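A short worksheet on the structure shown next.
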Amino acid sequence: MTTVSRQIVLRSRPVGMPKPGDFELVESPLPSPKDGEVLCRTVYLSLDPYMRGRISGARSYAQSVEPGQVIVGGTVGEVLESRHAGLGRGDFVLGYDGWQSHAVSKGAGLRRLDLKQAPISTALGVLGMPGMTAYVGLLDIGRPRAGETVVVSAASGAVGSAVGQIAKIKGARAVGVAGSQDKCDYVVRELGFDACVNYKKGDLLGALRDACPKGIDVYFENVGGDVLRAVMQLLNQNARIPLCGLISEYNATDITPGPNLRPLLFNRALIQGFIVSDHMARMGEFLADCGGWLREGRLKHREDIVVGLEKAPEAFIGLLQGKNFGKLLVRVGEDPTR
Ligand SMILES: NC(=O)c1ccc[n+]([C@@H]2O[C@H](COP(=O)([O-])OP(=O)(O)OC[C@H]3O[C@@H](n4cnc5c(N)ncnc54)[C@H](OP(=O)(O)O)[C@@H]3O)[C@@H](O)[C@H]2O)c1
């Protein structure tokens with residue numbers, strides 16, 4: 001067994017779009033678990049847009065990563081050594097070990113994965129934080145009713161793909177917005193959305209109007225900017241906007257000009273920001289519903305898997321440029337379950 005852990009640390013805080021030189025690969029001796037702890041090797045590392053906020057140092061809802069520290073992130077790992085009564089060698093667990101090949105963590109904070117329920121990687125995607133974000137944001141804030149029109153941006157991604165499919169399961173019409181024709185084709189043909197608009201093709205407002213002839217009742221917001229501006233002009237009375245993310249602004253060095261808020265006023269629309277970690281009480285219902293829909297083939301998902309911890313910075317930068325197609329994961333170590 002190896003005696004070192006490979007880690008990617010933040011070398012310097014990025015200004016604007018992160019660069020590979022903002023990250024550094026280092027090694028440190030393999031830690032040993034104390035009472036109540038386990039040593040895991042990372043199998044999958046999740047790369048997510050929120051990590052841009054963590055490495056920025058800006059005031060946020062969560063603590064920043066400091067230069068020299070390992071970058072945070074959700075992981076699926078295999079237990080190599082356990083001093084926690086509930087976990088044993090060979091168990092696969094969902095944890096938060098970050099951008100590193102091995103780590104010691106408290107056993108109490110880990111969830112053992114049931115290999116019979118779903119592939120282990122789904123615990124970071126469709127049955128993990130992104131899937132749960134889609135579930136609570138859409139059902140609790142968006143509250144789609146049968147026959148209504150739900151629009152979601154970043155529609156081929158981890159959150160957006162689940163939003164549209166859950167909207168369909170609830171009887172609504174689902175319209176995606178995505179950044180390429182390939183992504184739009186996937187969203188309609190594979191995921192079963194009713195329509196998808198490529199926002200890079202021009203005349204976004206016209207294309208959205210054609211795709212939403214009865215206007216927009218729910219807009220699940222993932223990107224901000226031009227897409228939000230166009231959607232605002234098509235809102236129906238009493239529309240709801242779960243404000244999930246604003247990825248088009250994550251690298252901005254100035255505050256970006258906001259959309260005109262008048263349509264919210266005269267349509268009595270609701271816009272509500274939310275953070276998935278405030279909704280953990282819904283975990284049981286989420287896993288029961290989405291796990292069931294996944295096994296029945298009603299909730300499909302796509303993974304974009306990059307191999308090798310050293311590829312994480314480049315893959316993360318690609319995520320902020322729309323280069324990922326599906327839930328972005330890094331396979332840090334061998335997955336013996338596949
Ligand atoms: N509130 C919460 O608790 C919570 C939790 C999880 C995620 N989120 C948010 O949910 C959103 C989606 O996250 P995800 O994990 O599902 O990521 P994802 O959609 O799998 O990947 C990010 C996608 O965003 C799009 N994008 C990137 N830069 C963009 C830009 N400048 N303008 C417009 N679109 C851009 C790209 O798709 P296209 O090629 O289609 O543009 C890219 O593939 C993010 O805003 C994230 O911060 C929020």
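Labels used: A, B, ... for chains in the order of the structure tokens, numbers from 1 for residues in each chain, and numbers from 1 for ligands as shown.
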
Would you mind listing the residues within 6 Å of ligand 1, counting only C-alpha atoms and all ligand atoms, as a PyMOL selection string?
chain A and resi 48-50+130+133+154+157-160+178-179+222-223+244-248+274-276+319-327

Determine, for each residue of stretch 56-150 of chain A having at least one atom at most 8 Å from an atom of stretch 298-312 of chain A, the closest pair of atoms and their separation in Å to one decimal, counting only C-alpha atoms; order by chain and ascending number, as JSON lines.
```
{"residue": "A:Trp99", "atom": "CA", "partner": "A:Leu309", "partner_atom": "CA", "distance": 7.3}
{"residue": "A:Gln100", "atom": "CA", "partner": "A:Leu309", "partner_atom": "CA", "distance": 7.2}
{"residue": "A:Ser101", "atom": "CA", "partner": "A:Leu309", "partner_atom": "CA", "distance": 7.3}
{"residue": "A:Val126", "atom": "CA", "partner": "A:His301", "partner_atom": "CA", "distance": 6.5}
```

Next, write the just-selected residues to a file, as a short mmCIF file (atom, residue, chain, number, x, y, z; two decimals), in the first residue's frame, keeping N, CA and C atoms as the atom set.
```cif
data_model
loop_
_atom_site.label_atom_id
_atom_site.label_comp_id
_atom_site.auth_asym_id
_atom_site.auth_seq_id
_atom_site.Cartn_x
_atom_site.Cartn_y
_atom_site.Cartn_z
N TRP A 99 -9.87 17.35 -2.45
CA TRP A 99 -9.06 17.01 -3.63
C TRP A 99 -7.81 16.25 -3.18
N GLN A 100 -7.97 15.02 -2.72
CA GLN A 100 -6.81 14.25 -2.29
C GLN A 100 -7.07 12.75 -2.45
N SER A 101 -5.97 12.01 -2.54
CA SER A 101 -6.09 10.58 -2.84
C SER A 101 -6.45 9.76 -1.60
N VAL A 126 -26.70 12.28 -9.24
CA VAL A 126 -28.17 12.24 -9.29
C VAL A 126 -28.76 11.82 -7.95
#
```

With DSSP run on the backbone, what are the helix (DSSP H, G or I) residues within stretch 30-213 of chain A? I'd like them as a PyMOL selection string.
chain A and resi 50-54+107-109+120-124+129-142+158-169+181-190+204-211

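Separating atom CA of A:Leu80 from atom CA of A:Leu39 is a distance of 5.6 Å.
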
Which one is closest to A:Gly68: A:Phe23, A:Tyr199, A:Tyr96, A:Phe316? Count only C-alpha atoms.
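Closest to A:Gly68 of all the choices is A:Phe23.
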
Given the choices A:Ser121, A:Ser153, A:Ser28, A:Ser82, which gets closest to A:Val43 if the distance is worked out from only C-alpha atoms?
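Selected residue with least distance to A:Val43: A:Ser121.
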
Which residues are close to A:Pro259, i.e. within 12 Å by only C-alpha atoms, leaving aside same-chain residues fewer than 4 positions away? Reply as a list in words.
Gly224, Gly225, Asp226, Val227, Leu228, Arg229, Ala230, Val231, Met232, Gln233, Pro263 and Leu264 of chain A

Output the selection as a CSV table (one decimal), in the first residue's frame - N, CA, C and O atoms for each residue.
```
chain,number,residue,atom,x,y,z
A,224,GLY,N,-28.0,32.9,-14.4
A,224,GLY,CA,-28.0,34.4,-14.3
A,224,GLY,C,-27.8,35.0,-15.7
A,224,GLY,O,-27.9,34.3,-16.7
A,225,GLY,N,-27.4,36.3,-15.7
A,225,GLY,CA,-27.0,37.0,-17.0
A,225,GLY,C,-28.1,37.0,-18.0
A,225,GLY,O,-29.3,37.3,-17.7
A,226,ASP,N,-27.7,36.8,-19.3
A,226,ASP,CA,-28.6,36.9,-20.4
A,226,ASP,C,-29.8,36.0,-20.4
A,226,ASP,O,-30.9,36.4,-20.8
A,227,VAL,N,-29.6,34.8,-19.8
A,227,VAL,CA,-30.7,33.9,-19.8
A,227,VAL,C,-31.8,34.4,-18.8
A,227,VAL,O,-33.0,34.4,-19.1
A,228,LEU,N,-31.4,34.9,-17.7
A,228,LEU,CA,-32.3,35.4,-16.7
A,228,LEU,C,-33.1,36.6,-17.3
A,228,LEU,O,-34.3,36.8,-17.2
A,229,ARG,N,-32.3,37.5,-18.0
A,229,ARG,CA,-32.9,38.7,-18.6
A,229,ARG,C,-34.0,38.3,-19.6
A,229,ARG,O,-35.1,38.9,-19.6
A,230,ALA,N,-33.7,37.3,-20.4
A,230,ALA,CA,-34.8,36.8,-21.4
A,230,ALA,C,-36.0,36.2,-20.7
A,230,ALA,O,-37.1,36.5,-21.0
A,231,VAL,N,-35.7,35.3,-19.7
A,231,VAL,CA,-36.8,34.6,-19.0
A,231,VAL,C,-37.7,35.7,-18.4
A,231,VAL,O,-39.0,35.5,-18.4
A,232,MET,N,-37.2,36.7,-17.8
A,232,MET,CA,-38.0,37.7,-17.1
A,232,MET,C,-39.1,38.3,-17.9
A,232,MET,O,-40.1,38.7,-17.5
A,233,GLN,N,-38.8,38.3,-19.2
A,233,GLN,CA,-39.8,38.9,-20.2
A,233,GLN,C,-41.0,38.0,-20.5
A,233,GLN,O,-41.9,38.4,-21.1
A,263,PRO,N,-40.8,42.9,-14.0
A,263,PRO,CA,-41.6,41.8,-14.3
A,263,PRO,C,-42.0,41.0,-13.0
A,263,PRO,O,-43.1,40.4,-12.9
A,264,LEU,N,-41.1,41.0,-12.0
A,264,LEU,CA,-41.4,40.3,-10.8
A,264,LEU,C,-42.5,41.0,-10.1
A,264,LEU,O,-43.4,40.3,-9.5
```

Write out as a list in words the residues lying within 9 Å of A:Gln272, counting only C-alpha atoms and excluding same-chain residues fewer than 4 positions away.
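The residues satisfying every condition are Ile141, Arg240, Ile241, Pro242, Leu243 and Cys244 of chain A.
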
Output for the residues just chosen: N, CA and C atoms as a tab-separated table (two decimals), in the first residue's frame:
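Heads up, here's the output in selection-v1.tsv:
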```tsv
chain	number	residue	atom	x	y	z
A	141	ILE	N	-39.82	25.14	-3.73
A	141	ILE	CA	-39.92	26.57	-4.10
A	141	ILE	C	-40.64	26.71	-5.45
A	240	ARG	N	-42.80	31.36	-10.16
A	240	ARG	CA	-41.86	31.10	-9.07
A	240	ARG	C	-40.47	30.89	-9.65
A	241	ILE	N	-39.46	31.47	-8.97
A	241	ILE	CA	-38.07	31.32	-9.44
A	241	ILE	C	-37.21	30.81	-8.30
A	242	PRO	N	-36.94	29.49	-8.23
A	242	PRO	CA	-35.95	29.01	-7.28
A	242	PRO	C	-34.57	29.50	-7.74
A	243	LEU	N	-33.95	30.34	-6.92
A	243	LEU	CA	-32.64	30.91	-7.29
A	243	LEU	C	-31.55	29.99	-6.75
A	244	CYS	N	-31.09	29.10	-7.64
A	244	CYS	CA	-30.17	28.04	-7.23
A	244	CYS	C	-28.73	28.44	-7.44
```
